[in-house]
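Undergrad: I'd like to ask you about the structure that follows.
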Amino acid sequence: MDWSQVNWMAIMPELIILGFAVIVLLGELFLSPSARRSLGAITLVGIIIAMVGVVRLWGVEATEFSGMFSVDLTANVLKLILLITTALVVLGVLRVKVTLGEGEFFSLMLFSVLGTMFMASASDLIMLFIALELTVLPAYVLVASKKNARSAEAALKYFLLGIVASVVLLYGMTLLFGMTGSTNFTAIANSLHGRSLEPMLLVSIIMIMVGLGFKVAAVPFHFWAPDVYEGSPVPVASYLSAGPKAGGFAALIHLFPVALASAAPVWATLFAILAVLSMFTGNLVALAQTNVRRLLGYSAVAHTGYLLVGLAVADKLGYLSMIFYFFVYSLAALGAFLVVLATTERGIGENVTDFAGLHKRSPMLAIAMAIFLFSLVGVPPFAGFMGKFFLFASAVKSNLIWLAIVGVLNSAISFGYYVTVIRQMYLVSPESDGVVTVSKPLYLSIMLIMAAVVFLGVYPTAFLSIIKL
Amino acid sequence: MLAYYLSLIVLVPILSFIILVIFGKRWGDKSAYVSIAAVLISLGLSIKALIDVLGGLNTKVLFTWASIGNFHITFGLLLDSLSAMMLVVVALVSALVQIFSIGYMHGDKRYGWFYACLSMFTASMLLLVFAPNYVQMYVAWEGVGVFSYLLIGFWFEKRSASQAAKKAFMVTRVGDLGFAIALILLYINAGTLDMDKLFAMHFVPALAATISILMFFGAIGKSAQFPLHVWLPDAMEGPTPVSALIHAATMVAAGVYLVARSYPLFEKGPVSLEFVAIIGTITAFMAATIALTATDIKKVLAYSTISQLGYMMMGLGVGAFAAGAFHLFTHAFFKALLFLGAGSVIHAVHSQEIFEMGGLWKKMKITSITFIIGGLALAGVPPFAGFWSKDEIILGAYTSGHTAIFWIGILTALFTAFYTFRLIFVVFFGQPRADHHGGHVHESPAVMSIPLLILGFFALTAGLLGSPFVHNAFQGFIAPGHEAEAVNPFVMGLSIAVALIGITAAWLKYGTQVLPSNVISKNNPIYKLVANKYYMDEFYYYVLIIPTHAVARFILEFDQKVIDGIVNGVAKIIAVFGSGMRRLQTGYVQNYALFMLVGLIILIIWSFRFLGIH
């Protein structure tokens with residue numbers, strides 16, 4: 001390989017994140033405890049610089065490192081979404097006591113972000129696998145970082161099930177390599193072109209689907225999600241609710257439509273099944289939850305279901321709607337988690353009933369939470385409505401009317417559990433009258449997300465025109 | 001540049017709404033300045049837009065609101081002479097009403113929310129005026145409805161206020177149903193809801209008439225035309241400045257504007273215009289007769305509004321398009337003036353019953369003078385604003401051969417002059433009738449009286465813009481195609497004569513007591529019919545509300561016994577399913593791994609069976 005021919009610009013955002021991850025880690029080693037407090041701010045700066053790097057690559061289409069790594073609009077958009085949501089998490093926890101040392105916490109998060117960014121740009125099976133492992137390994141540590149039984153249990157489950165999923169994924173990739181003799185997405189596509197659907201290919205597709213389905217918490221590979229959302233430290237759960245999933249969806253959007261294009265009808269049907277299972281399971285089980293974080297965990301499963309509708313549609317409109325909804329969903333889910341962070345920071349419990357009368361104790365937090373939940377249901381004029389509208393409209397256009405109906409029906413079911421939280425906040429009187437104070441950066445982060453959720457609902461074109469829909 | 005300043009006309013009040021929703025409570029009385037500043041910016045930009053239009057600009061700016069793939073949802077800003085005129089009227093009246101409200105609403109505990117609603121009410125109306133397609137028109141139309149609901153029911157602690165708000169919302173809803181059906185029919189038949197495309201299309205007259213009449217139902221509701229006018233008098237329960245805004249420039253003007261804007265469509269099915277004219281005439285006459293007997297100052301004005309709206313529809317219906325639009329324009333000023341004047345009076349005497357007032361002339365000079373100017377404009381005395389526009393409408397009916405409509409219009413003008421000056425003589429002249437407030441009555445503060453003076457100026461002069469002295473400049477501006485009628489001495493003379501006769505009769509009866517007080521016995525059946533507002537509310541009560549309640553009770557029973565059973569059953573099944581699924585979440589990682597692998601195997605088996613692989 002001739003290194004002088006490599007376009008290093010193409011991986012500039014990744015290099016920036018890598019650099020800052022190392023700096024932050026070294027900062028933990030060499031800085032005094034008081035100086036370490038600034039590591040969060042340094043992380044934020046690094047993420048913002050990386051965002052600039054991504055924006056500078058806008059419109060660039062390049063494949064580098066012998067076809068391992070490719071930059072295109074989809075990858076850039078997903079990286080930007082990842083960086084934005086991660087930046088909001090970092091902003092939110094700036095004044096929050098994180099469970100590890102600041103340097104460890106933020107560098108692990110940055111390494112995980114790095115893995116996710118590589119996942120978004122992977123155009124080769126090996127690259128994809130390594131990037132995926134890089135995404136989840138730091139996440140396991142982060143989940144375990146609270147060093148109590150619940151956190152450890154969640155981490156262990158996440159880790160063990162993650163290994164099972166990785167093994168299945170790797171097995172599926174091996175089969176694909178065996179059939180095509182290549183690991184590169186385009187080469188695989190060329191090799192499969194015109195060939196009939198062989199059983200081995202089908203098994204391989206399903207195994208890959210299981211592996212990636214685990215990452216995005218699709219039913220029946222979702223079991224880790226509720227435990228992790230409930231058990232891990234709240235800042236970590238906030239990060240997991242948004243960021244790493246971008247990698248999973250990026251991989252799905254790159255791998256299936258590109259490498260496995262010839263088998264599109266098959267995997268589209270399978271994704272439709274996973275979508276329906278995820279929607280119903282997530283929403284129905286969420287109805288029975290009393291812990292807000294667990295409720296959000298199941299709601300995440302249900303939302304994976306909505307998002308997979310885009311892959312079931314299997315055309316450009318479907319993928320684009322999926323990316324838009326992913327952004328909209330991550331914002332609302334992240335916002336809801338940050339509200340939970342704000343309340344748990346003040347010693348308020350995590351049960352739905354602990355939110356009683358929140359609007360009297362902190363009107364802005366209650367409004368923000370209500371808007372996030374309404375957006376998750378898909379009530380106009382919030383962003384979730386436009387997202388669902390486009391997603392289901394793309395399904396209708398591809399003659400998947402039944403899938404759209406299932407989606408709308410599930411949105412109606414989901415109203416049932418989101419509204420219990422809103423009811424508690426607004427209609428039930430609080431047990432204590434104490435005002436809930438929120439640290440300034442966290443408050444700012446929540447307000448930014450709230451503004452974005454309203455803005456994208458009222459004027460979605462702002463984002464749609466950027467991603468060229 | 002153009003697109004920016006035009007969109008700011010709507011966006012600035014919306015921004016003010018957002019700011020006030022967030023900070024209104026904290027800022028209290030200071031909220032007013034945000035809202036007023038916003039509407040003044042809108043007003044300034046609207047005037048610039050009007051000047052541009054006078055300079056020959058005629059444009060449509062389109063924004064894509066949301067677009068994904070081939071889906072496009074657009075909204076736009078249509079700027080032509082009609083919309084430019086309305087923008088200025090809406091922004092101007094809204095600005096003056098908001099300034100007036102500083103004094104009127106002083107000390108109210110929901111001050112911030114009041115101004116937030118006023119901002120958004122204005123913004124909705126501006127968005128409606130700008131609409132280049134019916135989707136946007138409908139959205140803004142509903143926005144106007146929602147915010148009028150909030151404002152009419154602003155003092156919702158008062159049961160009558162919340163009832164009135166509900167009535168306004170429900171009754172206009174009936175009309176909106178027709179509007180919505182019209183839009184669906186349009187879309188099915190034309191495949192678009194863009195106005196310029198629709199107006200350029202060819203429609204079968206019968207279809208065009210059907211659609212237009214259905215659309216007119218929306219206007220009947222919004223503009224309080226017979227038989228859906230019943231909400232407007234009740235809407236007086238809102239704060240008086242809100243009444244002024246609703247009556248002059250926003251809410252009720254929306255219906256007239258809809259007809260004016262859709263005029264090319266109505267012309268494709270001429271029957272619909274006859275329908276508009278007949279409904280307008282009935283409304284004008286009926287409301288004027290009711291106003292003769294009303295004794296609440298705001299109710300008199302409310303019925304006069306209904307009557308004047310009837311005139312506007314009459315004008316549009318008989319083909320005097322420009323005259324209808326002209327009356328909308330002049331009416332906005334003198335009716336806002338009369339309402340704010342009434343607000344000033346109510347503010348001073350704390351009563352709305354005209355026979356508890358009297359002799360206010362001596363104590364409230366500015367209010368009295370401006371109110372009389374408004375009254376002269378309403379009564380149709382030259383050179384005040386209302387004369388020119390009303391005369392044009394009556395003239396339109398005369399020249400187009402609608403003889404019956406013409407004579408009813410003249411008779412209505414007589415009643416109008418009478419009830420207007422009955423109000424003026426009773427309220428401002430003679431002796432104070434109830435002495436409990438006699439000593440405290442004083443002129444309202446400057447924030448209230450200055451808007452009155454400004455509106456008084458317009459009520460005096462706005463009509464001249466469309467008078468023969470300037471060759472009907474207004475009509476030429478609004479409707480270059482529709483030539484204004486030449487002055488007809490017979491019609492104009494008759495119109496002046498009836499106005500003067502009406503005023504003289506009112507003076508004889510209420511100013512001098514020359515006429516005996518019992519000219520008409522209160523037991524006269526006609527008097528009773530009119531005083532009871534033609535029993536329209538009773539009619540609705542017995543024909544609609546009682547049967548609805550009966551049906552509702554039946555449905556309630558059905559619901560409780562049958563539907564509830566089904567729903568509870570479904571809920572139970574879901575709950576069982578949910579907790580069953582939860583049981584799958586055992587917490588044992590071995591189980592989870594097993595479920596994953598089982599899932600994998602089931603997917604593989606299923607695919608082999610159903611996806612055609614063997």
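Chains: A, B, ... in order of the structure tokens. Residues: from 1 per chain. Ligands: from 1, in order shown.
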Can you tell me, as a VMD selection string, which residues in stretch 53-295 of chain B count as strand (DSSP E) by DSSP?

TA: chain B and resid 59 to 68 71 to 79

Undergrad: Write out as a list in words each polymer residue whose atoms come within 8 Å of stretch 163-175 of chain B, counting only C-alpha atoms; drop sequence neighbours fewer than 5 positions from it.

TA: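 What passes the distance filter is Gly145, Val146, Ser148, Tyr149, Leu150, Leu151, Ile152, Gly153, Phe217, Gly218, Ala219, Ile220, Gly221, Lys222, Leu228, Val230, Trp231, Leu232, Asp234, Ala235 and Glu237 of chain B.
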
Undergrad: Using only C-alpha atoms, find the one residue out of A:Asn351, A:Thr85, A:Ser432, A:Ser262 that sits nearest to A:Val328.

TA: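 For A:Val328, the nearest of the given residues is A:Thr85.
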
Undergrad: Excluding A:Thr135 and its own-chain neighbours fewer than 6 positions away, which residues fall within 6 Å of it when counting only C-alpha atoms? Please give them as a PyMOL selection string.

TA: chain A and resi 112+115-116

Undergrad: Write down, as number ranges by chain, each residue of chain A that has any atom within 9 Å of an atom of chain B, counting only C-alpha atoms.

TA: A: 156-158, 160-161, 164-165, 197-199, 202-203, 206-207, 210, 214, 219-224, 227, 266, 269-270, 281, 283-288, 316-317, 320-321, 364, 386, 390, 458-462, 464-465, 468-469

Undergrad: Can you tell me, as number ranges by chain, what residues are no more than 6 Å from stretch 273-281 of chain B when counting only C-alpha atoms, ignoring any on the same chain fewer than 6 positions away?

TA: B: 310, 313-314, 317-318

Undergrad: Kindly export the residues of the current selection with N, CA, C and O atoms, as a CSV table (one decimal), in the first residue's frame.

TA:
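Once written, selection19.csv looks like this:
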chain,number,residue,atom,x,y,z
B,310,GLY,N,-73.4,41.4,6.6
B,310,GLY,CA,-74.4,41.0,5.6
B,310,GLY,C,-74.3,41.9,4.4
B,310,GLY,O,-74.4,41.5,3.2
B,313,MET,N,-71.4,40.8,2.2
B,313,MET,CA,-71.8,39.7,1.4
B,313,MET,C,-72.7,40.0,0.3
B,313,MET,O,-72.6,39.5,-0.8
B,314,MET,N,-73.7,40.9,0.6
B,314,MET,CA,-74.6,41.4,-0.4
B,314,MET,C,-73.9,42.0,-1.5
B,314,MET,O,-74.2,41.7,-2.7
B,317,GLY,N,-72.1,39.4,-3.5
B,317,GLY,CA,-73.1,38.6,-4.2
B,317,GLY,C,-73.7,39.2,-5.4
B,317,GLY,O,-73.9,38.6,-6.4
B,318,VAL,N,-74.0,40.5,-5.3
B,318,VAL,CA,-74.6,41.2,-6.5
B,318,VAL,C,-73.6,41.6,-7.5
B,318,VAL,O,-74.0,42.2,-8.5

Undergrad: If we count only C-alpha atoms and set the cut-off at 9 Å, which residues sit around stretch 84-99 of chain B, ignoring sequence neighbours fewer than 3 positions away in its own chain? Please answer as a compact mmCIF listing (two decimals) with N, CA and C atoms, in the first residue's frame.

TA:
# COMPACT_ATOMS: atom_id res chain seq x y z
N ILE B 9 -43.42 39.87 8.33
CA ILE B 9 -44.74 40.39 8.72
C ILE B 9 -45.47 39.36 9.56
N ALA B 32 -46.85 43.56 27.36
CA ALA B 32 -47.55 44.33 26.34
C ALA B 32 -46.57 44.93 25.34
N TYR B 33 -45.43 45.40 25.84
CA TYR B 33 -44.51 46.11 24.94
C TYR B 33 -43.94 45.17 23.88
N SER B 35 -45.40 42.54 22.54
CA SER B 35 -46.43 42.28 21.55
C SER B 35 -46.68 43.51 20.69
N ILE B 36 -46.73 44.67 21.34
CA ILE B 36 -47.01 45.90 20.58
C ILE B 36 -45.85 46.21 19.64
N ALA B 37 -44.62 46.03 20.13
CA ALA B 37 -43.47 46.25 19.25
C ALA B 37 -43.56 45.33 18.04
N ALA B 38 -43.94 44.08 18.29
CA ALA B 38 -44.01 43.11 17.19
C ALA B 38 -45.05 43.55 16.17
N VAL B 39 -46.21 43.93 16.64
CA VAL B 39 -47.27 44.28 15.70
C VAL B 39 -46.95 45.60 14.99
N LEU B 40 -46.21 46.48 15.66
CA LEU B 40 -45.82 47.72 14.98
C LEU B 40 -44.82 47.43 13.87
N SER B 42 -44.74 44.62 12.20
CA SER B 42 -45.59 44.07 11.14
C SER B 42 -46.29 45.18 10.39
N LEU B 43 -46.79 46.15 11.14
CA LEU B 43 -47.53 47.25 10.50
C LEU B 43 -46.61 48.03 9.55
N GLY B 44 -45.40 48.33 10.04
CA GLY B 44 -44.46 49.07 9.21
C GLY B 44 -44.16 48.31 7.92
N LEU B 45 -43.89 47.02 8.07
CA LEU B 45 -43.57 46.22 6.88
C LEU B 45 -44.79 46.08 5.97
N SER B 46 -45.98 46.00 6.58
CA SER B 46 -47.19 45.90 5.76
C SER B 46 -47.38 47.17 4.93
N ILE B 47 -47.10 48.31 5.56
CA ILE B 47 -47.23 49.56 4.82
C ILE B 47 -46.23 49.59 3.67
N ALA B 49 -45.15 47.01 2.15
CA ALA B 49 -45.68 46.10 1.14
C ALA B 49 -46.76 46.80 0.32
N LEU B 50 -47.62 47.56 1.02
CA LEU B 50 -48.70 48.26 0.32
C LEU B 50 -48.12 49.27 -0.67
N ILE B 51 -47.08 49.98 -0.21
CA ILE B 51 -46.45 50.97 -1.10
C ILE B 51 -45.86 50.26 -2.32
N VAL B 53 -46.91 47.53 -3.63
CA VAL B 53 -48.00 47.11 -4.51
C VAL B 53 -48.53 48.31 -5.29
N LEU B 78 -48.74 35.57 -0.72
CA LEU B 78 -49.33 36.14 -1.93
C LEU B 78 -49.52 37.63 -1.69
N LEU B 79 -48.88 38.42 -2.49
CA LEU B 79 -49.01 39.86 -2.29
C LEU B 79 -49.65 40.47 -3.53
N ASP B 80 -50.89 40.94 -3.37
CA ASP B 80 -51.53 41.71 -4.43
C ASP B 80 -52.31 42.82 -3.75
N SER B 81 -53.11 43.55 -4.51
CA SER B 81 -53.74 44.71 -3.91
C SER B 81 -54.67 44.31 -2.76
N ILE B 102 -53.54 48.11 26.92
CA ILE B 102 -52.64 48.42 28.04
C ILE B 102 -53.47 48.99 29.17
N GLY B 103 -54.35 49.92 28.81
CA GLY B 103 -55.20 50.54 29.83
C GLY B 103 -56.32 49.63 30.24
N TYR B 115 -51.61 38.94 25.91
CA TYR B 115 -50.86 39.50 24.77
C TYR B 115 -50.29 38.41 23.88
N LEU B 118 -53.12 37.53 21.66
CA LEU B 118 -53.37 38.59 20.67
C LEU B 118 -52.34 38.52 19.55
N SER B 119 -51.08 38.28 19.92
CA SER B 119 -50.02 38.19 18.92
C SER B 119 -50.30 37.07 17.93
N THR B 122 -53.33 37.66 15.69
CA THR B 122 -52.97 38.55 14.58
C THR B 122 -52.14 37.80 13.54
N MET B 125 -54.19 35.59 11.37
CA MET B 125 -54.98 36.34 10.39
C MET B 125 -54.07 36.82 9.25
N LEU B 126 -52.85 37.26 9.61
CA LEU B 126 -51.92 37.72 8.56
C LEU B 126 -51.55 36.56 7.64
N VAL B 129 -54.38 35.99 5.31
CA VAL B 129 -54.45 37.00 4.25
C VAL B 129 -53.43 36.70 3.15
N PHE B 130 -52.27 36.17 3.57
CA PHE B 130 -51.18 35.91 2.64
C PHE B 130 -51.38 34.64 1.80
N PRO B 241 -61.58 44.84 24.10
CA PRO B 241 -60.62 45.00 23.00
C PRO B 241 -60.60 43.78 22.07
N VAL B 242 -60.80 42.60 22.65
CA VAL B 242 -60.85 41.40 21.82
C VAL B 242 -62.05 41.46 20.89
N ALA B 244 -63.33 44.11 19.74
CA ALA B 244 -63.00 45.07 18.70
C ALA B 244 -62.18 44.40 17.60
N LEU B 245 -61.20 43.61 18.03
CA LEU B 245 -60.33 42.95 17.06
C LEU B 245 -61.10 41.91 16.25
N ALA B 248 -63.59 43.81 13.87
CA ALA B 248 -63.14 44.77 12.89
C ALA B 248 -62.26 44.13 11.83
N ALA B 249 -61.24 43.41 12.28
CA ALA B 249 -60.21 43.10 11.29
C ALA B 249 -59.88 41.62 11.20
N THR B 250 -60.12 40.86 12.23
CA THR B 250 -59.65 39.47 12.15
C THR B 250 -60.80 38.52 11.89
N TYR B 257 -63.18 37.85 3.47
CA TYR B 257 -61.95 37.77 2.70
C TYR B 257 -61.89 36.49 1.87
N LEU B 328 -65.52 46.28 3.67
CA LEU B 328 -64.69 45.55 4.62
C LEU B 328 -63.61 46.49 5.18
N PHE B 329 -63.06 47.28 4.29
CA PHE B 329 -61.98 48.21 4.64
C PHE B 329 -62.49 49.32 5.57
N ALA B 332 -63.77 48.14 9.08
CA ALA B 332 -62.72 47.79 10.04
C ALA B 332 -62.42 48.98 10.93
N PHE B 333 -62.35 50.18 10.35
CA PHE B 333 -61.99 51.34 11.16
C PHE B 333 -63.12 51.78 12.06
N ALA B 336 -63.96 49.09 14.80
CA ALA B 336 -62.94 49.05 15.85
C ALA B 336 -63.11 50.26 16.74
N LEU B 340 -63.92 50.03 20.70
CA LEU B 340 -63.00 50.57 21.68
C LEU B 340 -63.68 51.69 22.45
N VAL B 447 -53.52 56.04 26.83
CA VAL B 447 -53.31 54.85 26.01
C VAL B 447 -54.62 54.37 25.42
N MET B 448 -55.73 54.75 26.05
CA MET B 448 -57.01 54.35 25.52
C MET B 448 -57.61 55.40 24.59
N ILE B 450 -55.99 57.81 22.82
CA ILE B 450 -55.25 58.09 21.58
C ILE B 450 -55.63 57.12 20.46
N PRO B 451 -55.70 55.81 20.75
CA PRO B 451 -56.19 54.92 19.69
C PRO B 451 -57.57 55.33 19.17
N LEU B 452 -58.41 55.84 20.07
CA LEU B 452 -59.73 56.28 19.64
C LEU B 452 -59.61 57.43 18.64
N ILE B 454 -57.06 58.14 16.71
CA ILE B 454 -56.50 57.68 15.43
C ILE B 454 -57.58 56.99 14.61
N LEU B 455 -58.34 56.11 15.27
CA LEU B 455 -59.40 55.41 14.54
C LEU B 455 -60.48 56.40 14.10
N ILE B 478 -58.22 47.91 -5.95
CA ILE B 478 -58.56 46.54 -5.54
C ILE B 478 -58.96 45.69 -6.74

Undergrad: Could you pull the residues within 12 Å of A:Phe185, counting only C-alpha atoms, minus those fewer than 3 positions along the same chain, as a PyMOL selection string?

TA: chain A and resi 63+66-70+121-128+173+176-177+180-182+188-192+251+253-261

Undergrad: Which of these, A:Leu44, A:Leu338, A:Leu91, A:Leu240, has the shortest distance to A:Tyr140 once you count only C-alpha atoms?

TA: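 Going through A:Leu44, A:Leu338, A:Leu91, A:Leu240 one by one, the smallest distance to A:Tyr140 is for A:Leu240.
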
Undergrad: Between B:Ile503, B:Ala209, B:Ala284, B:Val349, which is the closest to B:Ala224 once you count only C-alpha atoms?

TA: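 Closest to B:Ala224 of all the choices is B:Ala284.
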
Undergrad: Quick check for you: according to DSSP on this backbone, which residues of stretch 338-436 of chain B are classed as alpha helix (DSSP H)? Reply as a PyMOL selection string.

TA: chain B and resi 338-349+365-379+385-399+403-428

Undergrad: Work out how far atom CA of A:Phe372 is from atom CA of A:Gln424, in Å to one decimal.

TA: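 Atom CA of A:Gln424 sits 15.1 Å away from atom CA of A:Phe372.
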
Undergrad: Excluding A:Asn7 and residues on its chain fewer than 6 positions from it, collect all residues at most 10 Å away from it, counting only C-alpha atoms, and give them as a PyMOL selection string.

TA: chain A and resi 62-65

Undergrad: Kindly save the residues from that selection, with N, CA, C and O atoms included, as a PDB file, in the first residue's frame.

TA:
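Output contents, as saved in result-v4.pdb:
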ATOM      1  N   ALA A  62     -15.474   9.709  -1.476  1.00  0.00           N
ATOM      2  CA  ALA A  62     -14.143   9.134  -1.650  1.00  0.00           C
ATOM      3  C   ALA A  62     -14.100   7.755  -1.014  1.00  0.00           C
ATOM      4  O   ALA A  62     -14.795   7.486  -0.047  1.00  0.00           O
ATOM      5  N   THR A  63     -13.303   6.887  -1.595  1.00  0.00           N
ATOM      6  CA  THR A  63     -13.064   5.578  -0.990  1.00  0.00           C
ATOM      7  C   THR A  63     -11.561   5.440  -0.830  1.00  0.00           C
ATOM      8  O   THR A  63     -10.815   5.587  -1.784  1.00  0.00           O
ATOM      9  N   GLU A  64     -11.148   5.202   0.405  1.00  0.00           N
ATOM     10  CA  GLU A  64      -9.713   5.198   0.702  1.00  0.00           C
ATOM     11  C   GLU A  64      -9.302   3.872   1.325  1.00  0.00           C
ATOM     12  O   GLU A  64     -10.140   3.017   1.603  1.00  0.00           O
ATOM     13  N   PHE A  65      -8.015   3.735   1.571  1.00  0.00           N
ATOM     14  CA  PHE A  65      -7.444   2.565   2.248  1.00  0.00           C
ATOM     15  C   PHE A  65      -7.870   1.273   1.559  1.00  0.00           C
ATOM     16  O   PHE A  65      -8.487   0.403   2.170  1.00  0.00           O
TER      17      PHE A  65
END

Undergrad: Which is closer to B:Leu376 than all the others in B:Leu508, B:Ala253, B:Met120, B:Leu500, using only C-alpha atoms?

TA: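 Nearest to B:Leu376: B:Leu500.
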
Undergrad: Quick one: of B:Gly255, B:Gly359, B:Pro13, B:Gly375, who's nearest to B:Leu316, counting only C-alpha atoms?

TA: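 Using only C-alpha atoms, B:Leu316 sits closest to B:Gly255.
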
Undergrad: Would you work out the distance separating atom CA of A:Ala217 from atom CA of A:Ala300, expressed in Å to one decimal?

TA: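 Here the two named atoms are 7.8 Å from each other.
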